[in-house]
>>> print(open('protein.cif').read())   # mmCIF, C-alpha atoms
data_input
loop_
_atom_site.label_atom_id
_atom_site.label_comp_id
_atom_site.auth_asym_id
_atom_site.auth_seq_id
_atom_site.Cartn_x
_atom_site.Cartn_y
_atom_site.Cartn_z
CA MET A 278 38.94 -38.63 10.31
CA ARG A 279 41.45 -35.80 10.36
CA ALA A 280 40.99 -32.67 8.26
CA ASP A 281 43.09 -29.55 7.76
CA VAL A 282 40.63 -26.72 7.10
CA ASN A 283 41.86 -23.81 4.95
CA VAL A 284 39.77 -20.64 5.10
CA SER A 285 40.11 -17.25 3.41
CA VAL A 286 37.62 -14.46 2.77
CA ARG A 287 37.19 -11.73 0.18
CA LYS A 288 34.71 -8.98 -0.51
CA ALA A 289 31.77 -9.93 -2.71
CA GLY A 290 32.61 -9.31 -6.37
CA SER A 291 36.34 -9.03 -5.66
CA GLY A 292 38.65 -11.30 -7.63
CA GLU A 293 41.37 -11.19 -5.02
CA LEU A 294 41.51 -14.10 -2.59
CA GLY A 295 42.39 -13.12 0.95
CA THR A 296 45.16 -14.53 3.12
CA ARG A 297 44.25 -18.02 4.21
CA THR A 298 44.69 -19.79 7.51
CA GLU A 299 44.99 -23.52 8.07
CA THR A 300 43.27 -25.13 11.07
CA LYS A 301 44.87 -28.50 11.79
CA ASN A 302 43.53 -31.89 12.82
CA VAL A 303 39.78 -31.26 12.85
CA ASN A 304 38.19 -34.62 13.61
CA SER A 305 34.54 -34.50 12.51
CA VAL A 306 32.36 -33.04 9.80
CA ARG A 307 30.46 -31.04 12.42
CA PHE A 308 33.70 -29.49 13.67
CA VAL A 309 34.82 -28.75 10.09
CA MET A 310 31.60 -26.75 9.66
CA ALA A 311 32.20 -24.97 12.98
CA VAL A 312 35.79 -24.07 11.99
CA VAL A 313 34.70 -22.64 8.62
CA GLU A 314 31.94 -20.55 10.21
CA HIS A 315 34.09 -19.27 13.08
CA GLU A 316 37.21 -18.62 11.06
CA ALA A 317 35.35 -16.82 8.25
CA LYS A 318 33.60 -14.60 10.80
CA ARG A 319 36.89 -13.93 12.62
CA GLN A 320 38.71 -12.95 9.43
CA VAL A 321 35.90 -10.61 8.34
CA GLU A 322 36.00 -8.90 11.74
CA VAL A 323 39.79 -8.51 11.51
CA LEU A 324 39.61 -6.95 8.03
CA GLU A 325 36.66 -4.68 8.81
CA SER A 326 38.48 -3.34 11.86
CA GLY A 327 41.45 -2.35 9.65
CA GLY A 328 43.71 -5.27 10.54
CA GLU A 329 45.35 -7.93 8.41
CA VAL A 330 44.80 -11.67 8.48
CA ALA A 331 48.00 -13.47 9.45
CA GLN A 332 49.01 -16.49 7.39
CA GLU A 333 49.27 -19.10 10.08
CA THR A 334 48.39 -22.55 11.37
CA ARG A 335 45.59 -22.61 13.94
CA LEU A 336 43.97 -25.15 16.28
CA PHE A 337 40.26 -25.61 16.99
CA ASP A 338 38.91 -25.68 20.55
CA PRO A 339 35.71 -27.79 20.34
CA ASP A 340 34.63 -26.84 23.87
CA LYS A 341 34.61 -23.11 23.13
CA GLY A 342 33.95 -23.38 19.38
CA VAL A 343 36.88 -21.08 18.51
CA THR A 344 40.25 -21.32 16.75
CA ARG A 345 43.53 -20.10 18.15
CA THR A 346 47.03 -19.54 16.80
CA LEU A 347 49.39 -22.54 16.77
CA ARG A 348 52.26 -21.24 14.65
CA SER A 349 52.81 -18.75 11.84
CA LYS A 350 54.34 -19.29 8.39
CA GLU A 351 55.80 -16.56 6.27
CA ASP A 352 55.06 -17.76 2.74
CA ALA A 353 52.40 -19.80 1.02
CA HIS A 354 54.91 -22.36 -0.22
CA ASP A 355 55.54 -23.26 3.42
CA TYR A 356 52.09 -24.87 3.28
CA ARG A 357 52.96 -26.68 0.01
CA TYR A 358 49.91 -25.22 -1.74
CA PHE A 359 49.91 -25.98 -5.45
CA PRO A 360 47.21 -26.04 -8.12
CA ASP A 361 45.89 -29.42 -9.26
CA PRO A 362 45.66 -29.36 -13.06
CA ASP A 363 43.04 -32.14 -13.08
CA LEU A 364 40.52 -30.27 -10.89
CA LEU A 365 38.28 -27.82 -12.71
CA PRO A 366 36.54 -24.92 -10.95
CA LEU A 367 33.33 -26.03 -9.27
CA GLU A 368 30.42 -23.60 -9.10
CA LEU A 369 27.08 -24.63 -7.57
CA ASP A 370 24.11 -22.38 -8.26
CA GLU A 371 21.41 -21.69 -5.66
CA ALA A 372 18.79 -23.77 -7.49
CA PHE A 373 21.01 -26.86 -7.30
CA ILE A 374 21.65 -26.30 -3.60
CA ALA A 375 17.90 -25.85 -2.99
CA ASP A 376 17.18 -29.12 -4.82
CA CYS A 377 19.77 -30.92 -2.69
CA LYS A 378 18.24 -29.58 0.53
CA ALA A 379 14.75 -30.55 -0.62
CA SER A 380 15.88 -34.11 -1.35
CA LEU A 381 17.33 -34.68 2.12
CA PRO A 382 15.39 -36.93 4.52
CA GLU A 383 14.45 -35.69 7.98
CA LEU A 384 17.77 -35.30 9.79
CA PRO A 385 18.38 -36.58 13.34
CA ASP A 386 18.20 -33.18 15.06
CA ASP A 387 14.89 -32.37 13.37
CA LYS A 388 13.52 -35.82 14.15
CA ARG A 389 14.56 -35.50 17.79
CA LYS A 390 12.77 -32.14 18.06
CA ARG A 391 9.67 -33.64 16.45
CA TYR A 392 9.65 -36.47 18.98
CA GLU A 393 10.08 -34.06 21.88
CA GLY A 394 7.17 -32.03 20.47
CA LEU A 395 5.03 -35.17 20.84
CA GLY A 396 5.78 -35.26 24.57
CA ILE A 397 8.63 -37.78 24.41
CA PRO A 398 11.34 -37.04 27.02
CA PRO A 399 14.64 -35.71 25.56
CA TYR A 400 16.61 -38.79 26.65
CA ASN A 401 14.24 -41.22 24.94
CA ALA A 402 14.11 -38.97 21.87
CA SER A 403 17.92 -39.13 21.67
CA VAL A 404 17.92 -42.92 22.05
CA LEU A 405 15.29 -43.33 19.33
CA THR A 406 17.23 -41.16 16.87
CA ALA A 407 20.68 -42.58 17.57
CA GLU A 408 20.33 -45.11 14.74
CA VAL A 409 18.35 -44.58 11.54
CA GLU A 410 16.91 -48.12 11.73
CA THR A 411 15.50 -47.44 15.20
CA ALA A 412 13.94 -44.16 14.08
CA ARG A 413 12.34 -45.84 11.06
CA TRP A 414 10.89 -48.61 13.26
CA PHE A 415 9.55 -46.10 15.75
CA ASP A 416 8.04 -43.90 13.02
CA ALA A 417 6.23 -46.97 11.70
CA LEU A 418 4.89 -47.55 15.24
CA LEU A 419 3.68 -43.94 15.45
CA GLU A 420 1.76 -44.40 12.21
CA SER A 421 -0.52 -46.78 14.13
CA LYS A 422 -1.71 -43.83 16.26
CA VAL A 423 -0.20 -45.06 19.51
CA GLU A 424 0.32 -42.65 22.41
CA PRO A 425 3.86 -41.33 21.66
CA LYS A 426 5.27 -41.08 25.19
CA ALA A 427 4.01 -44.52 26.26
CA ALA A 428 5.28 -46.02 23.00
CA ALA A 429 8.72 -44.44 23.44
CA ASN A 430 8.99 -45.73 27.01
CA TRP A 431 7.97 -49.23 25.90
CA VAL A 432 10.46 -49.32 23.02
CA ALA A 433 13.33 -48.00 25.16
CA SER A 434 12.70 -50.47 27.98
CA GLU A 435 10.80 -53.59 26.90
CA LEU A 436 11.74 -53.88 23.23
CA PHE A 437 15.39 -52.89 23.57
CA GLY A 438 15.75 -55.15 26.61
CA ALA A 439 14.37 -58.11 24.67
CA LEU A 440 16.53 -57.42 21.60
CA ASN A 441 19.66 -57.16 23.74
CA ARG A 442 18.79 -60.46 25.40
CA LEU A 443 18.24 -62.13 22.02
CA GLY A 444 21.31 -60.53 20.43
CA ARG A 445 19.25 -59.04 17.61
CA THR A 446 19.03 -55.64 15.94
CA ILE A 447 15.74 -53.78 15.65
CA ASP A 448 15.56 -54.78 11.97
CA GLU A 449 15.54 -58.40 13.18
CA SER A 450 12.85 -57.84 15.83
CA PRO A 451 10.41 -60.76 16.09
CA VAL A 452 7.71 -58.19 16.88
CA SER A 453 6.73 -55.75 14.14
CA PRO A 454 5.62 -52.13 14.71
CA THR A 455 2.04 -53.17 13.90
CA GLN A 456 2.14 -55.97 16.50
CA ALA A 457 3.66 -53.61 19.06
CA ALA A 458 0.88 -51.10 18.42
CA GLU A 459 -1.71 -53.81 19.10
CA LEU A 460 -0.05 -54.65 22.42
CA LEU A 461 0.15 -50.98 23.44
CA ALA A 462 -3.53 -50.51 22.56
CA LEU A 463 -4.48 -53.36 24.90
CA ILE A 464 -2.51 -51.73 27.70
CA GLY A 465 -3.98 -48.33 26.94
CA ASP A 466 -7.63 -49.43 27.04
CA GLY A 467 -7.18 -51.47 30.23
CA THR A 468 -7.62 -54.88 28.62
CA ILE A 469 -4.32 -55.99 30.16
CA SER A 470 -2.18 -54.60 32.96
CA GLY A 471 1.49 -53.75 32.72
CA SER A 472 2.51 -57.05 34.32
CA LEU A 473 0.26 -59.04 31.98
CA ALA A 474 1.66 -57.08 29.05
CA LYS A 475 5.13 -58.39 29.90
CA GLN A 476 3.82 -61.97 29.76
CA VAL A 477 2.05 -61.32 26.47
CA PHE A 478 5.17 -59.72 24.99
CA GLU A 479 7.32 -62.72 25.90
CA ILE A 480 4.85 -65.03 24.16
CA MET A 481 4.84 -62.73 21.11
CA LEU A 482 8.63 -62.95 20.93
CA GLU A 483 8.54 -66.75 21.00
CA SER A 484 5.47 -67.49 18.88
CA GLY A 485 5.04 -64.54 16.54
CA GLU A 486 1.34 -64.41 17.48
CA GLY A 487 -0.54 -61.13 17.82
CA ALA A 488 -1.21 -59.66 21.25
CA ALA A 489 -5.03 -59.80 21.02
CA GLU A 490 -4.91 -63.45 19.94
CA ILE A 491 -2.63 -64.37 22.84
CA VAL A 492 -4.82 -62.56 25.39
CA GLU A 493 -7.96 -64.25 24.10
CA LYS A 494 -6.53 -67.77 23.80
CA ARG A 495 -4.83 -67.75 27.20
CA GLY A 496 -7.46 -65.85 29.15
CA LEU A 497 -5.12 -63.04 30.13
CA LYS A 498 -7.64 -60.21 30.18
CA GLN A 499 -7.42 -57.88 33.13
CA THR A 500 -10.44 -58.01 35.41
CA SER A 501 -12.14 -54.97 36.92
CA ASP A 502 -14.78 -57.07 38.66
CA THR A 503 -14.95 -55.44 42.09
CA GLY A 504 -16.81 -58.43 43.52
CA ALA A 505 -14.02 -60.84 42.63
CA ILE A 506 -11.34 -58.40 43.77
CA ASP A 507 -13.13 -57.73 47.08
CA ALA A 508 -13.42 -61.45 47.74
CA GLU A 509 -9.66 -61.96 47.39
CA ILE A 510 -8.87 -58.87 49.45
CA ASP A 511 -11.10 -60.09 52.26
CA LYS A 512 -9.26 -63.44 52.32
CA ILE A 513 -5.86 -61.74 52.43
CA LEU A 514 -6.83 -59.31 55.17
CA ALA A 515 -8.30 -62.14 57.25
CA ALA A 516 -5.15 -64.24 56.81
CA ASN A 517 -2.91 -61.33 57.80
CA ALA A 518 -4.80 -59.76 60.69
CA ASP A 519 -1.55 -58.90 62.46
CA LYS A 520 -0.30 -56.93 59.49
CA VAL A 521 -3.65 -55.16 59.20
CA GLU A 522 -3.24 -53.97 62.80
CA GLN A 523 0.32 -52.86 62.11
CA TYR A 524 -0.85 -50.94 59.05
CA LYS A 525 -3.62 -49.21 60.97
CA ALA A 526 -1.08 -48.38 63.69
CA GLY A 527 0.94 -46.38 61.17
CA LYS A 528 3.10 -48.88 59.28
CA GLU A 529 1.88 -47.64 55.90
CA GLN A 530 4.59 -49.42 53.89
CA LEU A 531 2.61 -52.61 54.40
CA PHE A 532 0.11 -51.34 51.83
CA GLY A 533 2.42 -52.59 49.09
CA PHE A 534 2.38 -56.03 50.70
CA PHE A 535 -1.42 -56.19 50.50
CA VAL A 536 -1.37 -55.03 46.85
CA GLY A 537 1.19 -57.68 45.99
CA GLN A 538 -0.71 -60.45 47.72
CA THR A 539 -3.94 -59.48 45.96
CA MET A 540 -2.31 -59.38 42.55
CA LYS A 541 -0.66 -62.74 43.23
CA ALA A 542 -3.96 -64.28 44.30
CA MET A 543 -5.57 -63.07 41.08
CA GLN A 544 -2.63 -64.22 38.94
CA GLY A 545 -1.82 -60.65 37.94
CA LYS A 546 -5.18 -60.21 36.21
CA ALA A 547 -6.73 -57.70 38.60
CA ASN A 548 -6.89 -54.06 37.59
CA PRO A 549 -4.18 -52.48 39.80
CA GLN A 550 -6.04 -49.19 40.13
CA ILE A 551 -9.17 -50.93 41.44
CA VAL A 552 -7.07 -53.12 43.76
CA ASN A 553 -5.56 -49.97 45.27
CA GLU A 554 -8.94 -48.28 45.59
CA ARG A 555 -10.64 -51.29 47.25
CA LEU A 556 -7.74 -51.92 49.62
CA ARG A 557 -7.71 -48.30 50.82
CA ALA A 558 -11.45 -48.45 51.36
CA LYS A 559 -11.24 -51.66 53.37
CA LEU A 560 -8.17 -50.67 55.37
CA GLY A 561 -9.79 -47.36 56.24
#
>>> encode(input="protein.cif", output="structure tokens")
Amino acid sequence: MRADVNVSVRKAGSGELGTRTETKNVNSVRFVMAVVEHEAKRQVEVLESGGEVAQETRLFDPDKGVTRTLRSKEDAHDYRYFPDPDLLPLELDEAFIADCKASLPELPDDKRKRYEGLGIPPYNASVLTAEVETARWFDALLESKVEPKAAANWVASELFGALNRLGRTIDESPVSPTQAAELLALIGDGTISGSLAKQVFEIMLESGEGAAEIVEKRGLKQTSDTGAIDAEIDKILAANADKVEQYKAGKEQLFGFFVGQTMKAMQGKANPQIVNERLRAKLG
């Protein structure tokens, strides 16, 4: 869009319109608002200091939020102002304006602040409010009492990644907010690990089944059985005695290798926190 913004001021109760200025080529509604606010304030300051407002064309600097002189014009007809006989005066009373404000939905800036107030990082809050459909989907997810930050991270990474891969919008998501909440609850209470959650989510996308049903039917529950975990760790340490010695000699980056081998041996079903705890205990 391109707008030419004409602004003039007058004292309250005065019938005399002041000299107007025209700010050219303003390219957004937000900038139109900024021009009106800045230019009105500037003209008031000029008049109150005893000066006169020059009839001129101005430009808006969006970086500084100010207008500056482009060129002056001597007479109003240079601007080709003329009254439109078909347009009647429009007066909006305060009650009407208040009703309009009350009828507005939550606007993006307010929604973004609300999300940040829930502990969601600013970047994710911006992503979630970039499109109204995304914000509606996420609000429906929040209604299921999920942990906001974890939910925002999951939507921004897992859900958006899947939708991009499938070439679908969030309105076309195979997984509903209610189904997503069920999956997040299983992660939150330790029923499944993050890696198992990815498997469950892929099955949800393909089958439309709920997360709890998938976990139960396919035996994907995370195990915290220290006996079973210890048994696998012992096998891995025995099979990699050389790496155990290297680790104990100071090559601490090998710890990740042992974690990976344990998780692989247990098909990703071991509780990662317990795996880490038991490995550190056994490696001393």
>>> residues_around(input="protein.cif", residues="stretch 449-460 of chain A", least_positions_apart="2", cutoff="10 Å", atoms="only C-alpha atoms", output="number ranges by chain")
A: 413-424, 428, 431-432, 436-437, 439-440, 443-447, 462-465, 468-469, 474-475, 477-478, 481-489, 492
>>> write_last_selection(input="protein.cif", atoms="C-alpha atoms", output="compact mmCIF listing (two decimals), in the coordinates of the input")
# COMPACT_ATOMS: atom_id res chain seq x y z
CA ARG A 413 12.34 -45.84 11.06
CA TRP A 414 10.89 -48.61 13.26
CA PHE A 415 9.55 -46.10 15.75
CA ASP A 416 8.04 -43.90 13.02
CA ALA A 417 6.23 -46.97 11.70
CA LEU A 418 4.89 -47.55 15.24
CA LEU A 419 3.68 -43.94 15.45
CA GLU A 420 1.76 -44.40 12.21
CA SER A 421 -0.52 -46.78 14.13
CA LYS A 422 -1.71 -43.83 16.26
CA VAL A 423 -0.20 -45.06 19.51
CA GLU A 424 0.32 -42.65 22.41
CA ALA A 428 5.28 -46.02 23.00
CA TRP A 431 7.97 -49.23 25.90
CA VAL A 432 10.46 -49.32 23.02
CA LEU A 436 11.74 -53.88 23.23
CA PHE A 437 15.39 -52.89 23.57
CA ALA A 439 14.37 -58.11 24.67
CA LEU A 440 16.53 -57.42 21.60
CA LEU A 443 18.24 -62.13 22.02
CA GLY A 444 21.31 -60.53 20.43
CA ARG A 445 19.25 -59.04 17.61
CA THR A 446 19.03 -55.64 15.94
CA ILE A 447 15.74 -53.78 15.65
CA ALA A 462 -3.53 -50.51 22.56
CA LEU A 463 -4.48 -53.36 24.90
CA ILE A 464 -2.51 -51.73 27.70
CA GLY A 465 -3.98 -48.33 26.94
CA THR A 468 -7.62 -54.88 28.62
CA ILE A 469 -4.32 -55.99 30.16
CA ALA A 474 1.66 -57.08 29.05
CA LYS A 475 5.13 -58.39 29.90
CA VAL A 477 2.05 -61.32 26.47
CA PHE A 478 5.17 -59.72 24.99
CA MET A 481 4.84 -62.73 21.11
CA LEU A 482 8.63 -62.95 20.93
CA GLU A 483 8.54 -66.75 21.00
CA SER A 484 5.47 -67.49 18.88
CA GLY A 485 5.04 -64.54 16.54
CA GLU A 486 1.34 -64.41 17.48
CA GLY A 487 -0.54 -61.13 17.82
CA ALA A 488 -1.21 -59.66 21.25
CA ALA A 489 -5.03 -59.80 21.02
CA VAL A 492 -4.82 -62.56 25.39
>>> resolve_selection(input="protein.cif", expression="the PyMOL selection byres ((chain A and resi 511-519) around 9)", output="ChimeraX atom specification")
/A:506-510,520-524,535,538-539,542,559-560
>>> write_last_selection(input="protein.cif", atoms="C-alpha atoms", output="PDB file, in the coordinates of the input")
ATOM      1  CA  ILE A 506     -11.340 -58.400  43.770  1.00  0.00           C
ATOM      2  CA  ASP A 507     -13.130 -57.730  47.080  1.00  0.00           C
ATOM      3  CA  ALA A 508     -13.420 -61.450  47.740  1.00  0.00           C
ATOM      4  CA  GLU A 509      -9.660 -61.960  47.390  1.00  0.00           C
ATOM      5  CA  ILE A 510      -8.870 -58.870  49.450  1.00  0.00           C
ATOM      6  CA  LYS A 520      -0.300 -56.930  59.490  1.00  0.00           C
ATOM      7  CA  VAL A 521      -3.650 -55.160  59.200  1.00  0.00           C
ATOM      8  CA  GLU A 522      -3.240 -53.970  62.800  1.00  0.00           C
ATOM      9  CA  GLN A 523       0.320 -52.860  62.110  1.00  0.00           C
ATOM     10  CA  TYR A 524      -0.850 -50.940  59.050  1.00  0.00           C
ATOM     11  CA  PHE A 535      -1.420 -56.190  50.500  1.00  0.00           C
ATOM     12  CA  GLN A 538      -0.710 -60.450  47.720  1.00  0.00           C
ATOM     13  CA  THR A 539      -3.940 -59.480  45.960  1.00  0.00           C
ATOM     14  CA  ALA A 542      -3.960 -64.280  44.300  1.00  0.00           C
ATOM     15  CA  LYS A 559     -11.240 -51.660  53.370  1.00  0.00           C
ATOM     16  CA  LEU A 560      -8.170 -50.670  55.370  1.00  0.00           C
TER      17      LEU A 560
END
>>> resolve_selection(input="protein.cif", expression="the PyMOL selection byres ((chain A and resi 313) around 10)", output="CSV table (one decimal) with C-alpha atoms, in the coordinates of the input")
chain,number,residue,atom,x,y,z
A,282,VAL,CA,40.6,-26.7,7.1
A,283,ASN,CA,41.9,-23.8,5.0
A,284,VAL,CA,39.8,-20.6,5.1
A,285,SER,CA,40.1,-17.2,3.4
A,300,THR,CA,43.3,-25.1,11.1
A,308,PHE,CA,33.7,-29.5,13.7
A,309,VAL,CA,34.8,-28.8,10.1
A,310,MET,CA,31.6,-26.8,9.7
A,311,ALA,CA,32.2,-25.0,13.0
A,312,VAL,CA,35.8,-24.1,12.0
A,314,GLU,CA,31.9,-20.6,10.2
A,315,HIS,CA,34.1,-19.3,13.1
A,316,GLU,CA,37.2,-18.6,11.1
A,317,ALA,CA,35.4,-16.8,8.2
A,318,LYS,CA,33.6,-14.6,10.8
A,319,ARG,CA,36.9,-13.9,12.6
A,344,THR,CA,40.2,-21.3,16.8
>>> resolve_selection(input="protein.cif", expression="the PyMOL selection byres ((chain A and resi 299) around 9)", output="short mmCIF file (atom, residue, chain, number, x, y, z; two decimals) with C-alpha atoms, in the coordinates of the input")
data_model
loop_
_atom_site.label_atom_id
_atom_site.label_comp_id
_atom_site.auth_asym_id
_atom_site.auth_seq_id
_atom_site.Cartn_x
_atom_site.Cartn_y
_atom_site.Cartn_z
CA ASP A 281 43.09 -29.55 7.76
CA VAL A 282 40.63 -26.72 7.10
CA ASN A 283 41.86 -23.81 4.95
CA VAL A 284 39.77 -20.64 5.10
CA ARG A 297 44.25 -18.02 4.21
CA THR A 298 44.69 -19.79 7.51
CA THR A 300 43.27 -25.13 11.07
CA LYS A 301 44.87 -28.50 11.79
CA GLN A 332 49.01 -16.49 7.39
CA GLU A 333 49.27 -19.10 10.08
CA THR A 334 48.39 -22.55 11.37
CA ARG A 335 45.59 -22.61 13.94
CA LEU A 336 43.97 -25.15 16.28
CA TYR A 356 52.09 -24.87 3.28
#
>>> residues_around(input="protein.cif", residues="A:Leu473", least_positions_apart="5", cutoff="9 Å", atoms="only C-alpha atoms", output="PDB file with C-alpha atoms, keeping the file's coordinate frame")
ATOM      1  CA  ILE A 464      -2.510 -51.730  27.700  1.00  0.00           C
ATOM      2  CA  PHE A 478       5.170 -59.720  24.990  1.00  0.00           C
ATOM      3  CA  LEU A 497      -5.120 -63.040  30.130  1.00  0.00           C
ATOM      4  CA  LYS A 498      -7.640 -60.210  30.180  1.00  0.00           C
ATOM      5  CA  GLN A 499      -7.420 -57.880  33.130  1.00  0.00           C
ATOM      6  CA  GLY A 545      -1.820 -60.650  37.940  1.00  0.00           C
ATOM      7  CA  LYS A 546      -5.180 -60.210  36.210  1.00  0.00           C
TER       8      LYS A 546
END
>>> atom_distance(input="protein.cif", atom1="atom CA of A:Ala412", atom2="atom CA of A:Ile374")
26.3 Å
>>> atom_distance(input="protein.cif", atom1="atom CA of A:Lys525", atom2="atom CA of A:Val552")
18.0 Å
>>> atom_distance(input="protein.cif", atom1="atom CA of A:Arg307", atom2="atom CA of A:Glu325")
27.3 Å
>>> closest_residue(input="protein.cif", among="A:Val409, A:Met540, A:Leu369, A:Leu364", to="A:Asp386", atoms="all atoms listed in the file")
A:Val409
>>> residues_around(input="protein.cif", residues="A:Asn401", least_positions_apart="2", cutoff="12 Å", atoms="all atoms listed in the file", output="list in words")
Arg389, Lys390, Tyr392, Glu393, Leu395, Gly396, Ile397, Pro398, Pro399, Ser403, Val404, Leu405, Thr406, Ala407, Thr411, Ala412, Phe415, Pro425, Lys426, Ala427, Ala428, Ala429, Asn430, Trp431, Val432, Ala433, Ser434 and Phe437 of chain A
